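Participant: If it helps, the file is called query_20.pdb and holds PDB, C-alpha atoms and all ligand atoms:
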```
ATOM      1  CA  MET B   1       5.904   9.894 -18.920
ATOM      2  CA  THR B   2       7.883   6.633 -18.869
ATOM      3  CA  PHE B   3       8.182   4.381 -15.846
ATOM      4  CA  GLU B   4      10.459   1.527 -14.826
ATOM      5  CA  THR B   5       8.488  -0.226 -12.095
ATOM      6  CA  ILE B   6       4.889   0.572 -12.953
ATOM      7  CA  ARG B   7       2.811   0.702 -16.125
ATOM      8  CA  LEU B   8       0.116   3.223 -16.958
ATOM      9  CA  PHE B   9      -2.598   2.573 -19.510
ATOM     10  CA  VAL B  10      -5.548   4.903 -20.052
ATOM     11  CA  ASP B  11      -8.417   3.446 -22.083
ATOM     12  CA  ASP B  12     -10.873   5.336 -24.267
ATOM     13  CA  ARG B  13     -13.384   5.610 -21.388
ATOM     14  CA  GLY B  14     -10.839   7.476 -19.272
ATOM     15  CA  VAL B  15     -10.084   4.517 -16.984
ATOM     16  CA  ALA B  16      -6.416   4.628 -15.980
ATOM     17  CA  ARG B  17      -4.906   1.277 -15.028
ATOM     18  CA  VAL B  18      -1.796   1.598 -12.878
ATOM     19  CA  THR B  19       0.012  -1.741 -12.754
ATOM     20  CA  LEU B  20       2.679  -2.462 -10.157
ATOM     21  CA  ALA B  21       5.203  -4.267 -12.316
ATOM     22  CA  ARG B  22       7.876  -5.944 -10.192
ATOM     23  CA  PRO B  23       6.353  -9.432 -10.252
ATOM     24  CA  GLU B  24       9.673 -11.103  -9.390
ATOM     25  CA  LYS B  25       9.562  -9.246  -6.022
ATOM     26  CA  HIS B  26       5.804  -9.578  -5.532
ATOM     27  CA  ASN B  27       5.520  -5.857  -6.425
ATOM     28  CA  ALA B  28       7.343  -4.676  -3.307
ATOM     29  CA  LEU B  29       7.497  -0.880  -3.112
ATOM     30  CA  SER B  30      11.071  -0.108  -4.129
ATOM     31  CA  SER B  31      12.671   3.314  -3.975
ATOM     32  CA  ILE B  32      11.953   3.887  -7.675
ATOM     33  CA  MET B  33       8.399   2.593  -7.402
ATOM     34  CA  ILE B  34       7.712   4.992  -4.522
ATOM     35  CA  ASP B  35       8.668   7.952  -6.722
ATOM     36  CA  GLU B  36       6.861   6.568  -9.755
ATOM     37  CA  LEU B  37       3.616   6.013  -7.841
ATOM     38  CA  THR B  38       3.873   9.538  -6.418
ATOM     39  CA  ASP B  39       4.437  10.983  -9.887
ATOM     40  CA  VAL B  40       1.626   8.986 -11.472
ATOM     41  CA  ALA B  41      -0.803  10.041  -8.725
ATOM     42  CA  MET B  42       0.050  13.704  -9.334
ATOM     43  CA  GLU B  43      -0.255  13.233 -13.099
ATOM     44  CA  LEU B  44      -3.604  11.429 -12.935
ATOM     45  CA  GLY B  45      -4.952  14.019 -10.499
ATOM     46  CA  VAL B  46      -4.672  16.793 -13.100
ATOM     47  CA  ASP B  47      -5.457  14.724 -16.204
ATOM     48  CA  THR B  48      -8.936  15.820 -17.259
ATOM     49  CA  VAL B  49      -9.369  12.744 -19.488
ATOM     50  CA  VAL B  50      -9.000  10.326 -16.571
ATOM     51  CA  ARG B  51     -12.250   9.534 -14.731
ATOM     52  CA  ALA B  52     -11.282   6.515 -12.634
ATOM     53  CA  VAL B  53      -8.098   4.758 -11.545
ATOM     54  CA  GLU B  54      -7.470   1.049 -11.130
ATOM     55  CA  LEU B  55      -4.575  -0.159  -8.983
ATOM     56  CA  VAL B  56      -3.457  -3.663  -9.901
ATOM     57  CA  GLY B  57      -0.458  -5.919  -9.370
ATOM     58  CA  GLU B  58       1.306  -7.993 -12.029
ATOM     59  CA  GLY B  59       2.132 -11.629 -11.335
ATOM     60  CA  GLU B  60       1.333 -13.620  -8.216
ATOM     61  CA  SER B  61       0.690 -10.757  -5.779
ATOM     62  CA  PHE B  62      -1.013  -7.408  -5.471
ATOM     63  CA  CYS B  63       1.824  -5.908  -3.394
ATOM     64  CA  ALA B  64       4.249  -7.346  -0.812
ATOM     65  CA  GLY B  65       4.669  -3.979   0.920
ATOM     66  CA  GLY B  66       7.762  -1.877   1.401
ATOM     67  CA  ASP B  67      10.846  -3.271  -0.310
ATOM     68  CA  LEU B  68      12.901  -4.836   2.455
ATOM     69  CA  GLY B  69      16.170  -4.289   0.572
ATOM     70  CA  TRP B  70      15.361  -0.577   0.535
ATOM     71  CA  MET B  71      14.393  -0.754   4.214
ATOM     72  CA  LYS B  72      17.682  -2.507   5.060
ATOM     73  CA  ALA B  73      19.495   0.485   3.568
ATOM     74  CA  GLN B  74      17.539   2.732   5.961
ATOM     75  CA  VAL B  75      18.564   0.607   8.939
ATOM     76  CA  GLU B  76      22.177   1.307   7.945
ATOM     77  CA  ALA B  77      21.591   5.009   7.143
ATOM     78  CA  ASP B  78      21.907   8.142   9.270
ATOM     79  CA  ARG B  79      18.908   9.851  10.861
ATOM     80  CA  ALA B  80      18.574  12.555   8.198
ATOM     81  CA  THR B  81      18.438   9.939   5.427
ATOM     82  CA  ARG B  82      15.915   7.832   7.349
ATOM     83  CA  MET B  83      13.654  10.845   7.807
ATOM     84  CA  ALA B  84      13.947  11.805   4.130
ATOM     85  CA  GLU B  85      13.184   8.259   2.944
ATOM     86  CA  ALA B  86      10.255   7.835   5.350
ATOM     87  CA  ARG B  87       8.933  11.177   4.099
ATOM     88  CA  ARG B  88       9.115   9.960   0.471
ATOM     89  CA  LEU B  89       7.022   6.926   1.376
ATOM     90  CA  ALA B  90       4.502   9.058   3.290
ATOM     91  CA  ARG B  91       4.299  11.473   0.370
ATOM     92  CA  MET B  92       3.417   8.595  -1.951
ATOM     93  CA  PHE B  93       0.501   7.405   0.184
ATOM     94  CA  LYS B  94      -0.710  10.990   0.608
ATOM     95  CA  ALA B  95      -0.542  11.695  -3.147
ATOM     96  CA  LEU B  96      -2.579   8.550  -3.845
ATOM     97  CA  ASN B  97      -5.051   9.332  -1.053
ATOM     98  CA  ASP B  98      -5.493  12.901  -2.314
ATOM     99  CA  LEU B  99      -6.556  11.778  -5.814
ATOM    100  CA  GLU B 100     -10.024  13.252  -6.288
ATOM    101  CA  LYS B 101     -11.087  10.460  -8.628
ATOM    102  CA  PRO B 102     -12.440   7.004  -7.836
ATOM    103  CA  VAL B 103      -9.567   4.632  -7.061
ATOM    104  CA  ILE B 104     -10.371   0.940  -7.234
ATOM    105  CA  ALA B 105      -7.866  -1.665  -6.057
ATOM    106  CA  ARG B 106      -7.818  -5.133  -7.600
ATOM    107  CA  VAL B 107      -6.388  -7.395  -4.922
ATOM    108  CA  HIS B 108      -5.075 -10.873  -5.554
ATOM    109  CA  GLY B 109      -2.354 -13.076  -4.104
ATOM    110  CA  ASN B 110      -0.538 -11.358  -1.257
ATOM    111  CA  ALA B 111      -1.186  -7.858   0.099
ATOM    112  CA  PHE B 112       1.080  -7.142   3.033
ATOM    113  CA  GLY B 113       2.348  -4.059   4.876
ATOM    114  CA  GLY B 114       2.468  -1.179   2.400
ATOM    115  CA  GLY B 115       0.187  -3.247   0.122
ATOM    116  CA  ILE B 116      -2.511  -2.786   2.760
ATOM    117  CA  GLY B 117      -1.739   0.939   2.607
ATOM    118  CA  LEU B 118      -2.599   0.872  -1.102
ATOM    119  CA  ILE B 119      -5.871  -0.858  -0.282
ATOM    120  CA  ALA B 120      -6.649   1.665   2.460
ATOM    121  CA  ILE B 121      -6.206   4.688   0.180
ATOM    122  CA  ALA B 122      -8.502   3.118  -2.438
ATOM    123  CA  ASP B 123     -12.196   3.992  -2.484
ATOM    124  CA  VAL B 124     -13.151   0.458  -3.345
ATOM    125  CA  ALA B 125     -11.088  -2.719  -2.931
ATOM    126  CA  LEU B 126     -12.187  -5.843  -4.770
ATOM    127  CA  ALA B 127     -10.371  -9.042  -3.945
ATOM    128  CA  ALA B 128     -10.080 -12.590  -5.105
ATOM    129  CA  ASP B 129     -11.331 -15.109  -2.557
ATOM    130  CA  THR B 130      -7.831 -16.596  -2.500
ATOM    131  CA  ALA B 131      -6.087 -13.344  -1.484
ATOM    132  CA  LYS B 132      -4.067 -13.169   1.734
ATOM    133  CA  LEU B 133      -3.740  -9.908   3.602
ATOM    134  CA  GLY B 134      -1.688  -8.818   6.574
ATOM    135  CA  LEU B 135      -0.114  -5.949   8.420
ATOM    136  CA  THR B 136       3.005  -8.077   8.757
ATOM    137  CA  GLU B 137       5.343  -5.325   9.964
ATOM    138  CA  THR B 138       5.762  -6.626  13.521
ATOM    139  CA  ARG B 139       6.950  -9.959  12.090
ATOM    140  CA  LEU B 140       9.855  -7.932  10.725
ATOM    141  CA  GLY B 141      10.554  -5.808  13.806
ATOM    142  CA  LEU B 142       8.758  -2.902  12.116
ATOM    143  CA  ILE B 143       5.466  -1.092  12.657
ATOM    144  CA  PRO B 144       2.713   0.024  10.292
ATOM    145  CA  ALA B 145       3.721   3.684  10.186
ATOM    146  CA  THR B 146       3.097   5.799   7.102
ATOM    147  CA  ILE B 147       0.146   3.578   6.177
ATOM    148  CA  SER B 148      -1.391   3.688   9.636
ATOM    149  CA  PRO B 149      -3.630   6.800   9.327
ATOM    150  CA  TYR B 150      -5.250   5.452   6.168
ATOM    151  CA  VAL B 151      -5.819   2.015   7.665
ATOM    152  CA  VAL B 152      -7.311   3.444  10.870
ATOM    153  CA  ALA B 153      -9.456   5.838   8.822
ATOM    154  CA  ARG B 154     -10.693   2.860   6.815
ATOM    155  CA  ILE B 155     -11.350   0.228   9.482
ATOM    156  CA  GLY B 156     -11.281   2.107  12.802
ATOM    157  CA  GLU B 157      -8.904   1.789  15.707
ATOM    158  CA  GLY B 158     -10.686  -1.222  17.170
ATOM    159  CA  GLN B 159     -10.191  -3.383  14.095
ATOM    160  CA  ALA B 160      -6.748  -1.913  13.423
ATOM    161  CA  ARG B 161      -5.113  -2.563  16.791
ATOM    162  CA  PRO B 162      -5.004  -6.373  16.708
ATOM    163  CA  LEU B 163      -4.025  -6.405  13.040
ATOM    164  CA  PHE B 164      -1.246  -3.847  13.645
ATOM    165  CA  MET B 165       0.126  -5.692  16.649
ATOM    166  CA  SER B 166      -0.227  -9.365  15.776
ATOM    167  CA  GLY B 167       1.087  -9.303  12.216
ATOM    168  CA  ARG B 168      -1.629 -11.904  11.570
ATOM    169  CA  ILE B 169      -2.260 -12.921   7.964
ATOM    170  CA  ILE B 170      -5.961 -13.142   7.217
ATOM    171  CA  ASP B 171      -7.967 -14.399   4.287
ATOM    172  CA  ALA B 172     -10.065 -12.179   2.030
ATOM    173  CA  GLN B 173     -13.307 -12.985   3.828
ATOM    174  CA  ALA B 174     -11.869 -11.891   7.186
ATOM    175  CA  ALA B 175     -10.416  -8.758   5.579
ATOM    176  CA  GLN B 176     -13.848  -7.909   4.219
ATOM    177  CA  ALA B 177     -15.386  -8.438   7.645
ATOM    178  CA  ALA B 178     -12.764  -6.085   9.120
ATOM    179  CA  GLY B 179     -13.706  -3.450   6.538
ATOM    180  CA  LEU B 180     -10.499  -3.535   4.505
ATOM    181  CA  LEU B 181     -12.138  -5.009   1.419
ATOM    182  CA  THR B 182     -15.334  -3.907  -0.273
ATOM    183  CA  ARG B 183     -16.146  -7.154  -2.033
ATOM    184  CA  VAL B 184     -14.676 -10.639  -2.437
ATOM    185  CA  VAL B 185     -15.261 -12.696  -5.559
ATOM    186  CA  PRO B 186     -13.848 -15.900  -7.016
ATOM    187  CA  MET B 187     -10.487 -15.196  -8.685
ATOM    188  CA  GLU B 188     -11.893 -16.009 -12.134
ATOM    189  CA  MET B 189     -14.596 -13.331 -11.636
ATOM    190  CA  LEU B 190     -12.252 -10.574 -10.490
ATOM    191  CA  ASP B 191     -11.817  -8.754 -13.809
ATOM    192  CA  LYS B 192     -15.539  -8.878 -14.530
ATOM    193  CA  ALA B 193     -16.263  -7.570 -11.035
ATOM    194  CA  MET B 194     -13.809  -4.705 -11.628
ATOM    195  CA  GLU B 195     -15.669  -3.728 -14.789
ATOM    196  CA  ALA B 196     -19.013  -3.779 -12.983
ATOM    197  CA  GLU B 197     -17.597  -1.721 -10.121
ATOM    198  CA  ILE B 198     -16.131   1.000 -12.342
ATOM    199  CA  ALA B 199     -19.110   1.418 -14.709
ATOM    200  CA  PRO B 200     -21.291   3.633 -12.429
ATOM    201  CA  TYR B 201     -18.492   6.163 -11.908
ATOM    202  CA  LEU B 202     -18.300   6.703 -15.662
ATOM    203  CA  GLN B 203     -21.984   7.691 -15.869
ATOM    204  CA  VAL B 204     -21.920  10.560 -13.354
ATOM    205  CA  ALA B 205     -20.449  14.076 -13.278
ATOM    206  CA  PRO B 206     -16.665  13.762 -12.811
ATOM    207  CA  GLY B 207     -16.315  17.020 -10.873
ATOM    208  CA  ALA B 208     -19.083  16.000  -8.470
ATOM    209  CA  VAL B 209     -17.418  12.599  -7.998
ATOM    210  CA  GLY B 210     -14.205  14.345  -6.931
ATOM    211  CA  ARG B 211     -15.961  16.844  -4.689
ATOM    212  CA  SER B 212     -18.026  14.134  -2.993
ATOM    213  CA  LYS B 213     -14.859  12.123  -2.330
ATOM    214  CA  ALA B 214     -13.172  15.201  -0.837
ATOM    215  CA  LEU B 215     -16.236  15.825   1.337
ATOM    216  CA  ALA B 216     -16.396  12.245   2.611
ATOM    217  CA  ARG B 217     -12.672  12.376   3.387
ATOM    218  CA  SER B 218     -13.053  15.636   5.303
ATOM    219  CA  LEU B 219     -15.758  14.087   7.482
ATOM    220  CA  GLY B 220     -13.653  11.048   8.350
ATOM    221  CA  MET B 221     -10.567  10.787  10.552
ATOM    222  CA  PRO B 222      -8.469  13.925  10.012
ATOM    223  CA  ILE B 223      -5.185  13.004   8.319
ATOM    224  CA  THR B 224      -3.385  16.275   8.881
ATOM    225  CA  ASP B 225       0.192  17.192   8.010
ATOM    226  CA  ALA B 226       1.004  16.824  11.731
ATOM    227  CA  VAL B 227      -0.379  13.257  11.749
ATOM    228  CA  ILE B 228       1.656  12.383   8.668
ATOM    229  CA  GLU B 229       4.785  13.967  10.136
ATOM    230  CA  ALA B 230       4.344  11.877  13.298
ATOM    231  CA  THR B 231       4.175   8.672  11.239
ATOM    232  CA  ILE B 232       7.349   9.672   9.378
ATOM    233  CA  GLU B 233       9.176  10.054  12.692
ATOM    234  CA  ARG B 234       7.809   6.729  13.932
ATOM    235  CA  LEU B 235       9.111   4.954  10.841
ATOM    236  CA  ALA B 236      12.540   6.623  11.104
ATOM    237  CA  ASP B 237      12.639   5.666  14.829
ATOM    238  CA  THR B 238      11.660   2.088  14.033
ATOM    239  CA  TRP B 239      14.411   1.720  11.421
ATOM    240  CA  GLU B 240      16.856   2.619  14.198
ATOM    241  CA  THR B 241      15.898  -0.343  16.396
ATOM    242  CA  ALA B 242      17.799  -3.588  16.789
ATOM    243  CA  GLU B 243      14.483  -5.387  16.148
ATOM    244  CA  ALA B 244      14.205  -3.849  12.682
ATOM    245  CA  ARG B 245      17.809  -4.787  11.910
ATOM    246  CA  GLU B 246      17.133  -8.385  12.993
ATOM    247  CA  GLY B 247      13.706  -8.731  11.335
ATOM    248  CA  ILE B 248      14.723  -7.310   7.975
ATOM    249  CA  SER B 249      18.034  -9.206   7.944
ATOM    250  CA  ALA B 250      16.234 -12.452   8.788
ATOM    251  CA  PHE B 251      13.816 -11.980   5.866
ATOM    252  CA  LEU B 252      16.578 -11.189   3.389
ATOM    253  CA  GLU B 253      18.727 -14.065   4.680
ATOM    254  CA  LYS B 254      15.693 -16.399   4.470
ATOM    255  CA  ARG B 255      15.812 -17.422   8.118
ATOM    256  CA  GLU B 256      13.579 -17.080  11.163
ATOM    257  CA  PRO B 257      14.110 -13.888  13.209
ATOM    258  CA  TRP B 258      15.271 -14.230  16.777
ATOM    259  CA  TRP B 259      12.895 -12.495  19.227
ATOM    260  CA  ARG B 260      13.272 -13.425  22.860
ATOM    261  CA  LYS B 261      12.758 -10.074  24.514
ATOM    262  CA  PRO B 262      12.692  -6.499  23.204
ATOM    263  CA  ILE B 263      16.178  -5.949  21.760
TER     264      ILE B 263
HETATM  265  C1  LIG O   1       5.204   0.224   4.427
HETATM  266  C2  LIG O   1       5.750  -0.212   5.706
HETATM  267  C3  LIG O   1       6.155  -1.493   5.959
HETATM  268  C4  LIG O   1       6.142  -2.650   5.091
HETATM  269  O1  LIG O   1       5.488  -2.757   4.091
HETATM  270  S1  LIG O   1       7.149  -3.914   5.637
HETATM  271  C5  LIG O   1       6.983  -5.183   4.414
HETATM  272  C6  LIG O   1       5.819  -6.055   4.651
HETATM  273  N1  LIG O   1       5.849  -7.126   3.695
HETATM  274  C7  LIG O   1       5.958  -8.427   3.999
HETATM  275  O2  LIG O   1       5.988  -8.802   5.158
HETATM  276  C8  LIG O   1       6.010  -9.381   2.855
HETATM  277  C9  LIG O   1       7.347 -10.091   2.769
HETATM  278  N2  LIG O   1       7.300 -11.113   1.751
HETATM  279  C10 LIG O   1       6.785 -12.334   1.972
HETATM  280  O3  LIG O   1       6.263 -12.627   3.020
HETATM  281  C11 LIG O   1       6.883 -13.332   0.848
HETATM  282  O4  LIG O   1       7.926 -12.940  -0.006
HETATM  283  C12 LIG O   1       5.582 -13.508   0.027
HETATM  284  C13 LIG O   1       5.072 -12.174  -0.507
HETATM  285  C14 LIG O   1       4.522 -14.186   0.895
HETATM  286  C15 LIG O   1       5.890 -14.426  -1.178
HETATM  287  O5  LIG O   1       6.446 -15.629  -0.720
HETATM  288  P1  LIG O   1       7.055 -16.698  -1.753
HETATM  289  O6  LIG O   1       7.603 -17.815  -0.954
HETATM  290  O7  LIG O   1       6.034 -17.000  -2.789
HETATM  291  O8  LIG O   1       8.203 -15.913  -2.506
HETATM  292  P2  LIG O   1       9.591 -15.407  -1.945
HETATM  293  O9  LIG O   1       9.505 -15.087  -0.502
HETATM  294  O10 LIG O   1      10.663 -16.362  -2.369
HETATM  295  O11 LIG O   1       9.752 -14.025  -2.733
HETATM  296  C16 LIG O   1      10.206 -13.962  -4.087
HETATM  297  C17 LIG O   1      11.174 -12.820  -4.171
HETATM  298  O12 LIG O   1      10.485 -11.621  -3.779
HETATM  299  C18 LIG O   1      11.211 -10.971  -2.751
HETATM  300  N3  LIG O   1      10.304 -10.199  -1.902
HETATM  301  C19 LIG O   1       9.093 -10.542  -1.461
HETATM  302  N4  LIG O   1       8.593  -9.571  -0.693
HETATM  303  C20 LIG O   1       9.523  -8.590  -0.639
HETATM  304  C21 LIG O   1       9.604  -7.338   0.003
HETATM  305  N5  LIG O   1       8.596  -6.838   0.764
HETATM  306  N6  LIG O   1      10.714  -6.611  -0.153
HETATM  307  C22 LIG O   1      11.752  -7.053  -0.922
HETATM  308  N7  LIG O   1      11.734  -8.246  -1.555
HETATM  309  C23 LIG O   1      10.636  -8.992  -1.414
HETATM  310  C24 LIG O   1      11.891 -12.123  -2.009
HETATM  311  O13 LIG O   1      12.972 -11.650  -1.248
HETATM  312  C25 LIG O   1      12.322 -12.993  -3.176
HETATM  313  O14 LIG O   1      13.462 -12.411  -3.744
HETATM  314  P3  LIG O   1      14.666 -13.342  -4.260
HETATM  315  O15 LIG O   1      15.703 -12.384  -4.738
HETATM  316  O16 LIG O   1      14.052 -14.166  -5.358
HETATM  317  O17 LIG O   1      15.113 -14.178  -3.093
HETATM  318  C26 LIG O   1       5.951   0.731   6.792
HETATM  319  C27 LIG O   1       4.957   1.866   6.882
HETATM  320  O18 LIG O   1       3.775   1.640   7.102
HETATM  321  O19 LIG O   1       5.402   3.009   6.834
END
```
Is it possible to give me this structure as structure tokens?

Facilitator:
Amino acid sequence: MTFETIRLFVDDRGVARVTLARPEKHNALSSIMIDELTDVAMELGVDTVVRAVELVGEGESFCAGGDLGWMKAQVEADRATRMAEARRLARMFKALNDLEKPVIARVHGNAFGGGIGLIAIADVALAADTAKLGLTETRLGLIPATISPYVVARIGEGQARPLFMSGRIIDAQAAQAAGLLTRVVPMEMLDKAMEAEIAPYLQVAPGAVGRSKALARSLGMPITDAVIEATIERLADTWETAEAREGISAFLEKREPWWRKPI
């Protein structure tokens, strides 16, 4: 399988490294990347050679979230298109979350919006001490939507609410305290820490690893089809608002958004 926006490398231990490869856009989740990440998740799920998956970002950032150029197109689109596009994004997070193999995120630089979704679907998230994280959607007139069930499942509603609402950017230590990150290490130690984190999964029975992940997931917050469908509608609704039009336009035009009252 060949990809345009991601790279896949499987080493001889069966560790698959999925690299988000749009460094010039801080690895924002473009339309093509959404499909490619969905496809790679499906492919890795059935690949019997693969025993663990690393999610990493090329360049300065892990992932700057949903591509705001793509989102701008949804603001301009009709309802049916918005629903279809929101569903594609939701399908990507679900496909990654459903992977019955250990998924380990390597977080550095910026992880915002959908980038936090990628952290939340991971089983383990290791971060550089210099990483910055944020559910920045409300800064853009948006809401955390398709990512929200995974984030709430990971950190609980109590931790999620202020992060969802405030759009606050936090450092890696605060993100670890909130439960988003498993471990924080100096940037220069990150690759070594990844190796140490993955090693135990390669020593144990792969089928049991998958079944224990599925069991743990089934005991946590239920992320049913109905929950996912509701988040798809929320995202499509949000793209229809004047706030989304203003927030996304302001980002792309490199200016401050204008929020005085709900518009
Ligand atoms: C998934 C759901 C929602 C979302 O994810 S909404 C998106 C949330 N993401 C953000 O808020 C991040 C926006 N980006 C930034 O804040 C900054 O770009 C940065 C990541 C902090 C980097 O800043 P820096 O000053 O170093 O670099 P530039 O801003 O000049 O960026 C370089 C280049 O990259 C483009 N870019 C960055 N992020 C995005 C993006 N998310 N989408 C599209 N493009 C992005 C930026 O525009 C620059 O491009 P140029 O062409 O070079 O101008 C919803 C759900 O949950 O369902």

Participant: Let me know the residues the PyMOL selection byres (((chain B and resi 164) around 10) and not hetatm) catches in the file above, as a list in words.

Facilitator: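 Selected by the PyMOL selection byres (((chain B and resi 164) around 10) and not hetatm) here: Gly113, Gly134, Leu135, Thr136, Glu137, Thr138, Ile143, Pro144, Ala145, Ser148, Val151, Val152, Glu157, Gln159, Ala160, Arg161, Pro162, Leu163, Met165, Ser166, Gly167 and Arg168 of chain B.
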
Participant: With the PyMOL selection byres (((chain B and resi 99) around 10) and not hetatm) as the selection, what would be picked from this file? Answer as a PyMOL selection string, please.

Facilitator: chain B and resi 41-46+52-53+94-98+100-103+121-122+210+213-214

Participant: Nearest to ligand LIG 1 (chain O) among B:Thr81, B:Thr2, B:Ser218, B:Thr231, with distances taken over all atoms listed in the file: which residue is it?

Facilitator: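 The shortest atom-to-atom distance to ligand LIG 1 (chain O) comes from B:Thr231.
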
Participant: Have a look at B:Arg79, B:Arg87, B:Arg17, B:His108 and name the one nearest to Glu188 in chain B; count all atoms listed in the file.

Facilitator: B:His108

Participant: Using the chain letters and numbers from this file, what does the PyMOL selection byres (((chain B and resi 182) around 12) and not hetatm) select? Give the answer as a ChimeraX atom specification.

Facilitator: /B:104-107,119-120,122-128,154-155,172-181,183-185,193-194,197

Participant: Tell me which of B:Ile198, B:Leu142, B:Ala16, B:Ala84 sits closest to Thr241 in chain B, counting only C-alpha atoms.

Facilitator: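 With only C-alpha atoms as the atom set, the closest residue is B:Leu142.
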
Participant: Which one is closest to ligand LIG 1 (chain O): B:Ala242, B:Val49, B:Leu20, B:Ile169? Count all atoms listed in the file.

Facilitator: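 For ligand LIG 1 (chain O), the nearest of the given residues is B:Ile169.
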
Participant: Counting all atoms listed in the file, name the residues that have an atom within 6 Å of an atom of ligand LIG 1 (chain O); the answer should be given as an MDAnalysis selection string.

Facilitator: chainID B and resid 24:26 28 64:69 110 112:114 136:137 144:147 235 252

Participant: Tell me which protein, DNA and RNA residues are within 9 Å of range 202-204 of chain B, counting all atoms listed in the file, leaving out same-chain ones fewer than 4 positions away, and put them as a list of chain:residue names.

Facilitator: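 Here the qualifying residues turn out to be B:Arg13, B:Gly14, B:Val15, B:Arg51, B:Ala52, B:Ile198, B:Ala208, B:Val209.
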
Participant: Do you have the CA of Ile32 in chain B-CA of Arg82 in chain B distance handy?

Facilitator: 16.0 Å

Participant: When distances are computed from all atoms listed in the file, which of B:Glu54, B:Glu76, B:Asp11, B:Asp129 shows the smallest separation from Ala244 in chain B?

Facilitator: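 Ranking B:Glu54, B:Glu76, B:Asp11, B:Asp129 by distance to Ala244 in chain B, first place goes to B:Glu76.
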
Participant: Between CA of Arg88 in chain B and CA of Glu60 in chain B, what distance in Å does the model show, to one decimal?

Facilitator: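 Distance reported for this atom pair: 26.3 Å.
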
Participant: Any idea what the distance is between CA of Asp171 in chain B and CA of Leu133 in chain B?

Facilitator: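 Answer for the CA of Asp171 in chain B to CA of Leu133 in chain B separation: 6.2 Å.
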
Participant: With distances taken over all atoms listed in the file, which residue among B:Glu36, B:Glu85, B:Glu256, B:Asp78 lies nearest Val18 in chain B?

Facilitator: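 Between B:Glu36, B:Glu85, B:Glu256, B:Asp78, the residue approaching Val18 in chain B most closely is B:Glu36.
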